[in-house]
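The file entry-v1.pdb contains PDB, C-alpha atoms:
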ATOM      1  CA  MET P   1      28.791 -20.147  45.311
ATOM      2  CA  ALA P   2      31.715 -20.481  42.899
ATOM      3  CA  ALA P   3      29.410 -21.775  40.170
ATOM      4  CA  ALA P   4      27.093 -18.814  40.635
ATOM      5  CA  LEU P   5      30.039 -16.414  40.444
ATOM      6  CA  ARG P   6      31.269 -18.007  37.221
ATOM      7  CA  LYS P   7      27.794 -17.611  35.738
ATOM      8  CA  VAL P   8      27.689 -13.910  36.646
ATOM      9  CA  LEU P   9      31.157 -13.285  35.213
ATOM     10  CA  THR P  10      30.335 -15.124  31.997
ATOM     11  CA  PHE P  11      27.090 -13.180  31.657
ATOM     12  CA  GLY P  12      28.884  -9.886  32.256
ATOM     13  CA  SER P  13      31.541 -10.720  29.700
ATOM     14  CA  MET P  14      28.866 -10.656  26.991
ATOM     15  CA  LEU P  15      28.787  -6.869  27.374
ATOM     16  CA  LEU P  16      32.504  -6.584  26.588
ATOM     17  CA  PRO P  17      33.855  -6.479  23.013
ATOM     18  CA  TYR P  18      35.352  -9.961  23.158
ATOM     19  CA  GLY P  19      32.100 -11.200  24.671
ATOM     20  CA  VAL P  20      30.397 -10.539  21.351
ATOM     21  CA  HIS P  21      32.526 -13.244  19.771
ATOM     22  CA  GLU P  22      31.672 -15.690  22.565
ATOM     23  CA  LEU P  23      27.967 -14.905  22.183
ATOM     24  CA  ARG P  24      28.198 -15.429  18.434
ATOM     25  CA  ARG P  25      29.978 -18.767  18.944
ATOM     26  CA  ARG P  26      27.260 -20.017  21.289
ATOM     27  CA  LEU P  27      24.378 -18.863  19.126
ATOM     28  CA  ASN P  28      25.885 -20.309  15.960
ATOM     29  CA  SER P  29      25.353 -23.790  17.348
ATOM     30  CA  ARG P  30      21.633 -23.258  16.633
ATOM     31  CA  HIS P  31      21.288 -19.998  14.703
ATOM     32  CA  LYS P  32      23.511 -18.764  11.905
ATOM     33  CA  ILE P  33      24.134 -15.088  12.665
ATOM     34  CA  SER P  34      26.595 -12.426  11.579
ATOM     35  CA  ALA P  35      29.017 -10.489  13.746
ATOM     36  CA  ASP P  36      26.754  -7.429  13.367
ATOM     37  CA  VAL P  37      23.778  -9.348  14.745
ATOM     38  CA  ALA P  38      25.856 -10.756  17.606
ATOM     39  CA  ARG P  39      26.919  -7.233  18.544
ATOM     40  CA  SER P  40      23.316  -6.065  18.313
ATOM     41  CA  LEU P  41      22.101  -8.847  20.593
ATOM     42  CA  ALA P  42      24.790  -8.046  23.151
ATOM     43  CA  GLY P  43      23.817  -4.377  22.897
ATOM     44  CA  ASN P  44      20.166  -5.238  23.527
ATOM     45  CA  ARG P  45      21.087  -5.951  27.146
ATOM     46  CA  GLN P  46      21.441  -2.205  27.652
ATOM     47  CA  LEU P  47      17.688  -1.930  27.051
ATOM     48  CA  ALA P  48      16.649  -4.141  29.959
ATOM     49  CA  GLY P  49      14.392  -2.097  32.232
ATOM     50  CA  LEU P  50      15.120   1.150  30.372
ATOM     51  CA  HIS P  51      11.492   2.279  30.801
ATOM     52  CA  ALA P  52      10.885   0.631  34.168
ATOM     53  CA  GLY P  53       7.450   1.441  35.553
ATOM     54  CA  GLN P  54       6.350   3.497  32.535
ATOM     55  CA  ARG P  55       3.418   3.148  30.119
ATOM     56  CA  CYS P  56       3.461   2.627  26.371
ATOM     57  CA  PHE P  57       1.028   2.239  23.492
ATOM     58  CA  ILE P  58       1.557  -0.420  20.824
ATOM     59  CA  LEU P  59      -0.120   0.877  17.693
ATOM     60  CA  GLY P  60      -1.198  -1.798  15.230
ATOM     61  CA  ASN P  61      -2.404  -1.173  11.696
ATOM     62  CA  GLY P  62      -5.953  -2.537  11.840
ATOM     63  CA  PRO P  63      -8.782  -0.467  10.310
ATOM     64  CA  SER P  64     -10.302   0.163  13.763
ATOM     65  CA  VAL P  65      -7.659   2.871  14.238
ATOM     66  CA  LYS P  66      -9.442   5.079  11.714
ATOM     67  CA  GLY P  67     -11.953   6.036  14.396
ATOM     68  CA  LEU P  68      -9.315   7.107  16.945
ATOM     69  CA  ASP P  69      -7.778  10.529  17.456
ATOM     70  CA  LEU P  70      -4.149   9.398  17.387
ATOM     71  CA  SER P  71      -2.931  12.947  17.950
ATOM     72  CA  ARG P  72      -3.712  12.264  21.626
ATOM     73  CA  LEU P  73      -0.655   9.984  21.653
ATOM     74  CA  GLN P  74       1.609  13.026  21.455
ATOM     75  CA  GLY P  75       4.062  12.892  24.348
ATOM     76  CA  GLN P  76       3.376   9.195  24.978
ATOM     77  CA  ASN P  77       5.752   6.277  24.491
ATOM     78  CA  VAL P  78       4.499   4.728  21.230
ATOM     79  CA  VAL P  79       5.644   1.561  19.491
ATOM     80  CA  THR P  80       4.580   1.319  15.840
ATOM     81  CA  VAL P  81       4.845  -1.685  13.548
ATOM     82  CA  SER P  82       5.500  -2.436   9.861
ATOM     83  CA  ASN P  83       3.738   0.275   7.795
ATOM     84  CA  GLY P  84       2.601   2.194  10.884
ATOM     85  CA  TYR P  85       4.407   5.351   9.780
ATOM     86  CA  LEU P  86       1.574   5.748   7.242
ATOM     87  CA  HIS P  87      -1.013   6.549   9.959
ATOM     88  CA  SER P  88      -2.540   9.920   9.177
ATOM     89  CA  ASP P  89      -1.516  11.462  12.527
ATOM     90  CA  PHE P  90       1.943   9.867  12.696
ATOM     91  CA  ASP P  91       3.765  13.195  12.411
ATOM     92  CA  LYS P  92       1.826  14.476  15.420
ATOM     93  CA  PHE P  93       2.944  11.785  17.859
ATOM     94  CA  GLN P  94       6.121  10.202  16.341
ATOM     95  CA  SER P  95       6.814   6.712  17.677
ATOM     96  CA  ARG P  96       9.735   5.969  20.013
ATOM     97  CA  TYR P  97      10.252   2.470  18.625
ATOM     98  CA  HIS P  98       9.285   0.717  15.387
ATOM     99  CA  CYS P  99       9.150  -3.050  14.784
ATOM    100  CA  VAL P 100       9.284  -5.164  11.623
ATOM    101  CA  PRO P 101       9.146  -8.979  11.874
ATOM    102  CA  GLN P 102      10.850 -11.497   9.606
ATOM    103  CA  ILE P 103       9.892 -10.763   6.003
ATOM    104  CA  THR P 104       8.364 -13.427   3.782
ATOM    105  CA  TYR P 105       9.989 -13.245   0.368
ATOM    106  CA  GLY P 106       8.115 -14.356  -2.734
ATOM    107  CA  LEU P 107       5.651 -11.758  -3.916
ATOM    108  CA  MET P 108       8.036  -9.321  -2.253
ATOM    109  CA  THR P 109      11.595  -9.353  -3.609
ATOM    110  CA  SER P 110      14.792  -8.024  -2.066
ATOM    111  CA  GLU P 111      14.480  -4.970  -4.314
ATOM    112  CA  ASP P 112      10.958  -4.370  -2.985
ATOM    113  CA  VAL P 113      12.218  -4.628   0.601
ATOM    114  CA  ILE P 114      14.975  -2.096  -0.118
ATOM    115  CA  ARG P 115      12.388   0.346  -1.515
ATOM    116  CA  TRP P 116      10.143  -0.301   1.494
ATOM    117  CA  PHE P 117      12.973   0.240   3.977
ATOM    118  CA  ASP P 118      13.946   3.475   2.199
ATOM    119  CA  GLU P 119      10.342   4.691   2.459
ATOM    120  CA  MET P 120      10.247   3.650   6.113
ATOM    121  CA  HIS P 121      13.481   5.470   6.897
ATOM    122  CA  SER P 122      12.204   8.693   5.327
ATOM    123  CA  HIS P 123       9.079   8.709   7.530
ATOM    124  CA  LEU P 124      10.190   7.341  10.904
ATOM    125  CA  GLY P 125      11.725  10.444  12.398
ATOM    126  CA  ALA P 126      14.037   9.529  15.291
ATOM    127  CA  ALA P 127      12.436   6.160  16.089
ATOM    128  CA  GLU P 128      14.716   3.276  17.012
ATOM    129  CA  LEU P 129      14.141   0.294  14.745
ATOM    130  CA  PHE P 130      13.850  -3.398  15.585
ATOM    131  CA  LEU P 131      14.261  -5.843  12.696
ATOM    132  CA  SER P 132      14.571  -9.585  12.326
ATOM    133  CA  SER P 133      18.163 -10.789  12.014
ATOM    134  CA  THR P 134      17.175 -12.256   8.624
ATOM    135  CA  GLU P 135      17.302  -8.731   7.179
ATOM    136  CA  ALA P 136      20.657  -7.753   8.723
ATOM    137  CA  GLU P 137      22.748  -8.616   5.664
ATOM    138  CA  LEU P 138      20.424  -6.696   3.337
ATOM    139  CA  VAL P 139      20.654  -3.629   5.577
ATOM    140  CA  ARG P 140      24.449  -3.891   5.775
ATOM    141  CA  LYS P 141      24.993  -4.530   2.070
ATOM    142  CA  HIS P 142      22.888  -1.578   0.919
ATOM    143  CA  ASN P 143      23.742   0.780   3.803
ATOM    144  CA  LEU P 144      20.089   1.176   4.731
ATOM    145  CA  PHE P 145      18.829   3.278   7.675
ATOM    146  CA  ALA P 146      22.026   5.349   7.765
ATOM    147  CA  GLY P 147      22.271   7.293  11.018
ATOM    148  CA  ARG P 148      19.399   5.415  12.689
ATOM    149  CA  THR P 149      19.686   3.062  15.649
ATOM    150  CA  VAL P 150      18.839  -0.393  14.266
ATOM    151  CA  ARG P 151      18.577  -3.395  16.564
ATOM    152  CA  TYR P 152      17.983  -7.038  15.696
ATOM    153  CA  LEU P 153      16.040  -9.920  17.178
ATOM    154  CA  VAL P 154      16.778 -13.537  16.340
ATOM    155  CA  LEU P 155      13.252 -14.865  15.827
ATOM    156  CA  GLY P 156      13.809 -18.596  15.845
ATOM    157  CA  GLU P 157      12.467 -20.230  18.997
ATOM    158  CA  SER P 158       8.879 -21.218  19.871
ATOM    159  CA  PHE P 159       6.534 -20.090  22.613
ATOM    160  CA  ASP P 160       5.353 -23.691  22.786
ATOM    161  CA  ASP P 161       8.814 -24.663  24.054
ATOM    162  CA  LYS P 162       9.020 -21.892  26.645
ATOM    163  CA  ARG P 163       8.823 -23.470  30.092
ATOM    164  CA  THR P 164       8.941 -20.403  32.350
ATOM    165  CA  ASP P 165       7.033 -17.150  32.738
ATOM    166  CA  GLU P 166      10.194 -15.055  32.736
ATOM    167  CA  ILE P 167      10.239 -11.971  30.514
ATOM    168  CA  VAL P 168      11.633 -12.894  27.105
ATOM    169  CA  ASP P 169      15.303 -11.905  26.876
ATOM    170  CA  ILE P 170      15.792 -10.139  23.524
ATOM    171  CA  SER P 171      19.577 -10.394  23.855
ATOM    172  CA  ARG P 172      19.136 -14.078  23.030
ATOM    173  CA  PRO P 173      17.094 -15.950  20.376
ATOM    174  CA  VAL P 174      13.393 -15.326  21.002
ATOM    175  CA  PRO P 175      10.201 -17.048  19.866
ATOM    176  CA  GLY P 176       9.123 -16.476  16.288
ATOM    177  CA  VAL P 177       5.885 -14.523  15.862
ATOM    178  CA  GLU P 178       2.762 -14.964  13.758
ATOM    179  CA  SER P 179       2.012 -11.239  13.948
ATOM    180  CA  VAL P 180       4.211  -8.225  14.656
ATOM    181  CA  PRO P 181       2.304  -7.016  17.782
ATOM    182  CA  VAL P 182       3.636 -10.124  19.563
ATOM    183  CA  MET P 183       7.169  -9.002  18.717
ATOM    184  CA  ALA P 184       6.360  -5.502  19.985
ATOM    185  CA  LEU P 185       4.968  -6.926  23.237
ATOM    186  CA  MET P 186       8.151  -8.923  23.892
ATOM    187  CA  ILE P 187      10.246  -5.808  23.330
ATOM    188  CA  ALA P 188       7.995  -3.587  25.464
ATOM    189  CA  MET P 189       8.139  -5.985  28.411
ATOM    190  CA  TYR P 190      11.923  -6.271  28.147
ATOM    191  CA  LEU P 191      12.165  -2.464  28.119
ATOM    192  CA  GLY P 192      10.428  -2.456  31.496
ATOM    193  CA  PHE P 193       7.043  -0.983  30.588
ATOM    194  CA  LYS P 194       4.546  -1.935  33.297
ATOM    195  CA  GLU P 195       1.411  -0.813  31.450
ATOM    196  CA  ILE P 196       1.066  -1.687  27.771
ATOM    197  CA  ILE P 197      -1.959  -0.603  25.732
ATOM    198  CA  LEU P 198      -2.813  -2.239  22.400
ATOM    199  CA  LEU P 199      -4.467  -0.215  19.644
ATOM    200  CA  GLY P 200      -5.465  -1.331  16.162
ATOM    201  CA  VAL P 201      -4.744  -4.995  16.911
ATOM    202  CA  ASP P 202      -7.922  -6.236  15.227
ATOM    203  CA  HIS P 203      -7.187  -9.853  14.181
ATOM    204  CA  ASP P 204     -10.742 -10.281  12.908
ATOM    205  CA  HIS P 205     -10.113 -10.982   9.216
ATOM    206  CA  PHE P 206     -11.316 -14.555   9.713
ATOM    207  CA  LEU P 207     -14.726 -13.117  10.563
ATOM    208  CA  SER P 208     -14.883 -10.500   7.805
ATOM    209  CA  SER P 209     -13.013 -12.570   5.158
ATOM    210  CA  SER P 210     -11.089  -9.399   4.375
ATOM    211  CA  TYR P 211      -7.717  -8.052   5.498
ATOM    212  CA  GLN P 212      -7.728  -4.261   5.636
ATOM    213  CA  TYR P 213      -5.440  -1.549   6.982
ATOM    214  CA  ALA P 214      -5.990   1.826   8.623
ATOM    215  CA  PHE P 215      -4.311   3.479   5.628
ATOM    216  CA  ASP P 216      -3.480   2.885   1.977
ATOM    217  CA  LEU P 217      -0.316   0.876   1.442
ATOM    218  CA  LYS P 218       2.314   2.273  -0.887
ATOM    219  CA  VAL P 219       5.381   0.126  -1.623
ATOM    220  CA  GLN P 220       3.834  -3.034  -0.175
ATOM    221  CA  LYS P 221       0.470  -2.804  -1.915
ATOM    222  CA  GLY P 222      -0.484  -6.205  -3.357
ATOM    223  CA  MET P 223       2.565  -7.944  -1.877
ATOM    224  CA  ASP P 224       0.931  -9.589   1.135
ATOM    225  CA  SER P 225       1.200 -13.373   0.812
ATOM    226  CA  THR P 226      -2.052 -13.846   2.753
ATOM    227  CA  ALA P 227      -4.272 -11.210   1.083
ATOM    228  CA  ASN P 228      -4.900  -9.778  -2.372
ATOM    229  CA  ALA P 229      -4.544  -6.082  -3.167
ATOM    230  CA  ASP P 230      -8.279  -5.570  -2.480
ATOM    231  CA  GLY P 231      -7.992  -7.230   0.932
ATOM    232  CA  THR P 232      -9.666 -10.541   0.046
ATOM    233  CA  LEU P 233      -7.877 -13.494   1.586
ATOM    234  CA  ARG P 234      -5.550 -15.767  -0.368
ATOM    235  CA  THR P 235      -5.602 -18.461   2.325
ATOM    236  CA  ASN P 236      -8.177 -21.189   2.947
ATOM    237  CA  ARG P 237      -9.950 -21.686   6.258
ATOM    238  CA  HIS P 238      -7.874 -24.711   7.278
ATOM    239  CA  ASP P 239      -4.539 -22.914   6.916
ATOM    240  CA  ASP P 240      -5.929 -19.709   8.379
ATOM    241  CA  PHE P 241      -7.201 -21.451  11.501
ATOM    242  CA  GLN P 242      -3.848 -23.211  12.013
ATOM    243  CA  THR P 243      -2.130 -19.825  11.931
ATOM    244  CA  LEU P 244      -4.712 -18.282  14.247
ATOM    245  CA  ALA P 245      -4.278 -21.111  16.755
ATOM    246  CA  ARG P 246      -0.523 -20.448  16.889
ATOM    247  CA  LEU P 247      -1.131 -16.709  17.178
ATOM    248  CA  TRP P 248      -3.588 -17.054  20.030
ATOM    249  CA  ARG P 249      -1.176 -19.405  21.876
ATOM    250  CA  GLN P 250       1.471 -16.705  21.550
ATOM    251  CA  TYR P 251      -0.856 -14.080  23.009
ATOM    252  CA  ARG P 252      -1.786 -16.485  25.827
ATOM    253  CA  ALA P 253       1.916 -16.996  26.582
ATOM    254  CA  ILE P 254       2.464 -13.231  26.594
ATOM    255  CA  ALA P 255      -0.526 -12.764  28.921
ATOM    256  CA  ASN P 256       0.897 -15.367  31.336
ATOM    257  CA  ILE P 257       4.336 -13.723  31.300
ATOM    258  CA  ALA P 258       2.775 -10.323  31.970
ATOM    259  CA  LYS P 259       0.719 -11.631  34.884
ATOM    260  CA  ALA P 260       3.716 -13.364  36.440
ATOM    261  CA  ASN P 261       5.790 -10.177  36.263
ATOM    262  CA  GLY P 262       3.236  -7.598  37.381
ATOM    263  CA  ILE P 263       2.750  -6.136  33.913
ATOM    264  CA  ARG P 264      -0.675  -4.892  32.831
ATOM    265  CA  ILE P 265      -1.585  -5.367  29.168
ATOM    266  CA  VAL P 266      -4.853  -3.745  28.090
ATOM    267  CA  ASN P 267      -6.564  -4.003  24.714
ATOM    268  CA  SER P 268      -8.005  -0.611  23.749
ATOM    269  CA  THR P 269      -8.681  -1.621  20.153
ATOM    270  CA  PRO P 270     -12.241  -0.617  19.197
ATOM    271  CA  GLY P 271     -13.774  -3.991  18.360
ATOM    272  CA  GLY P 272     -11.514  -6.662  16.948
ATOM    273  CA  ALA P 273     -11.358 -10.339  17.898
ATOM    274  CA  LEU P 274      -8.403 -10.473  20.311
ATOM    275  CA  ASP P 275      -9.807 -11.581  23.665
ATOM    276  CA  GLU P 276      -6.691 -12.471  25.692
ATOM    277  CA  PHE P 277      -6.443  -9.132  27.529
ATOM    278  CA  ASP P 278      -8.715  -6.857  29.533
ATOM    279  CA  ARG P 279     -10.488  -4.119  27.584
ATOM    280  CA  ARG P 280     -10.612  -0.379  28.155
ATOM    281  CA  PRO P 281     -11.784   2.415  25.808
ATOM    282  CA  PHE P 282      -8.987   4.429  24.221
ATOM    283  CA  GLU P 283     -10.432   7.749  25.429
ATOM    284  CA  ALA P 284     -10.369   6.602  29.056
ATOM    285  CA  TRP P 285      -6.565   6.814  29.170
ATOM    286  CA  PHE P 286      -6.760  10.570  28.717
ATOM    287  CA  GLU P 287      -9.493  11.235  31.266
ATOM    288  CA  GLU P 288      -7.389  10.311  34.290
TER     289      GLU P 288
END

What's the structure tokens form of this structure?
Amino acid sequence: MAAALRKVLTFGSMLLPYGVHELRRRLNSRHKISADVARSLAGNRQLAGLHAGQRCFILGNGPSVKGLDLSRLQGQNVVTVSNGYLHSDFDKFQSRYHCVPQITYGLMTSEDVIRWFDEMHSHLGAAELFLSSTEAELVRKHNLFAGRTVRYLVLGESFDDKRTDEIVDISRPVPGVESVPVMALMIAMYLGFKEIILLGVDHDHFLSSSYQYAFDLKVQKGMDSTANADGTLRTNRHDDFQTLARLWRQYRAIANIAKANGIRIVNSTPGGALDEFDRRPFEAWFEE
């Protein structure tokens, strides 16, 4: 009984100002994080169950979205990812949350990321932003996203090491992701959404040998480490299949977590290769 009480008190202390320092101390044993990130992680606890029992749409950037009337998402809880603010109907529905995973630097420099983040900020409306903690210092140093709620995830663990089907706690280090929809799914489940619909999550470039988007890229055009500016792949089959195997294991883990916690994830992407979730046509959600 006493041990359980101590655990509760310690957990609760993380929400207090001095608890941020304790959280940072604990996390630093495995993950080097700043005070800003530690505060953000502690603040993420306020999001737990915020949308309990509600429905949301996670809008990916696959070319299949071109055939959907996204204006029908107006009034819905929408989570967009990466360049998703470039969707032609974005101004009609405006996402509630926006996610960007850890950025791979190389073809894309810090200066490119700053320009991208500035473009993102000018288009996102009032959306709350989730970034990887690896970009926290860049955001702080250049005062990016001024006036916007920016939250961080420490993407450093592995789904392969996760031993339970508990909902991933985004106030602590979480599994790294091979694709940003996995990040969005972790966040959506933590927020309490009980019905999560995937759109534009195609993942079929290994079949078409081409990586395309639902829109024309601007700042990021030609800076994808896996694809050329025309969409042809830079990677070979061996490396691509290794990545796909990790990605599909992540989706399988997400599917198991959802099932164990009474969460329904439905793939309403027209076509695409992702087969870990039940399918339902996009239009059917608006015929109820």

Q) Contacts of segment 140-155 of chain P at 9 Å or less, counting only C-alpha atoms, minus same-chain residues fewer than 4 places along, as a ChimeraX atom specification? A) /P:31,33,36-38,40-41,43-44,101-102,114,117-118,120-122,126-136,170-177,183

Sorted by chain and rising residue number, which residues of segment 165-258 of chain P lie within 9 Å of segment 267-282 of chain P, and what are their closest atom pairs and distances in Å to one decimal, counting only C-alpha atoms, as a tab-separated table?
residue	atom	partner	partner_atom	distance
P:Ile196	CA	P:Asn267	CA	8.5
P:Ile197	CA	P:Asn267	CA	5.8
P:Leu198	CA	P:Asn267	CA	4.7
P:Leu199	CA	P:Thr269	CA	4.5
P:Gly200	CA	P:Thr269	CA	5.1
P:Val201	CA	P:Thr269	CA	6.1
P:Asp202	CA	P:Gly272	CA	4.0
P:His203	CA	P:Ala273	CA	5.6
P:Asp204	CA	P:Ala273	CA	5.0
P:His205	CA	P:Ala273	CA	8.8
P:Leu207	CA	P:Ala273	CA	8.5
P:Trp248	CA	P:Glu276	CA	7.9
P:Tyr251	CA	P:Glu276	CA	6.6
P:Arg252	CA	P:Glu276	CA	6.3
P:Ala255	CA	P:Glu276	CA	7.0

Q: Report as a list in words the full result of the PyMOL selection byres ((chain P and resi 246) around 12) when it is applied to this structure.
A: Ser158, Phe159, Asp160, Pro175, Gly176, Val177, Glu178, Ser179, Val182, Asp239, Asp240, Phe241, Gln242, Thr243, Leu244, Ala245, Leu247, Trp248, Arg249, Gln250, Tyr251, Arg252 and Ala253 of chain P

(Q) Starting from the PyMOL selection byres ((chain P and resi 81) around 6), expand the selection into actual residues of this file and give them as a VMD selection string. (A) chain P and resid 80 82 84 98 to 100

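Proximity of P:Tyr85, P:Phe57, P:Lys218, P:Lys92 to Asp112 of chain P, computed with all atoms listed in the file, is greatest for P:Lys218.
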
Q.
the PyMOL selection byres ((chain P and resi 69) around 12) - which residues does that actually catch in the file I just gave you? List them as a list in words.
A. Ser64, Val65, Lys66, Gly67, Leu68, Leu70, Ser71, Arg72, Leu73, Gln74, His87, Ser88, Asp89, Phe90, Lys92, Phe93, Leu199, Phe282, Glu283 and Phe286 of chain P

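What separates atom CA of Val266 of chain P from atom CA of Asp91 of chain P is a distance of 24.6 Å.
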
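What separates atom CA of Trp285 of chain P from atom CA of Cys56 of chain P is a distance of 11.2 Å.
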
Q. What is the atom CA of Asn261 of chain P-atom CA of Val78 of chain P distance in Å, reported with one decimal?
A. 21.2 Å

Q. Which one of P:Ala284, P:Ile167, P:Ala214, P:Leu124 sits closest to Leu185 of chain P if you count all atoms listed in the file?
A. P:Ile167

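Nearest residue to Phe193 of chain P, choosing from P:Ile265, P:Leu86, P:Val180, P:Leu107 and counting only C-alpha atoms: P:Ile265.
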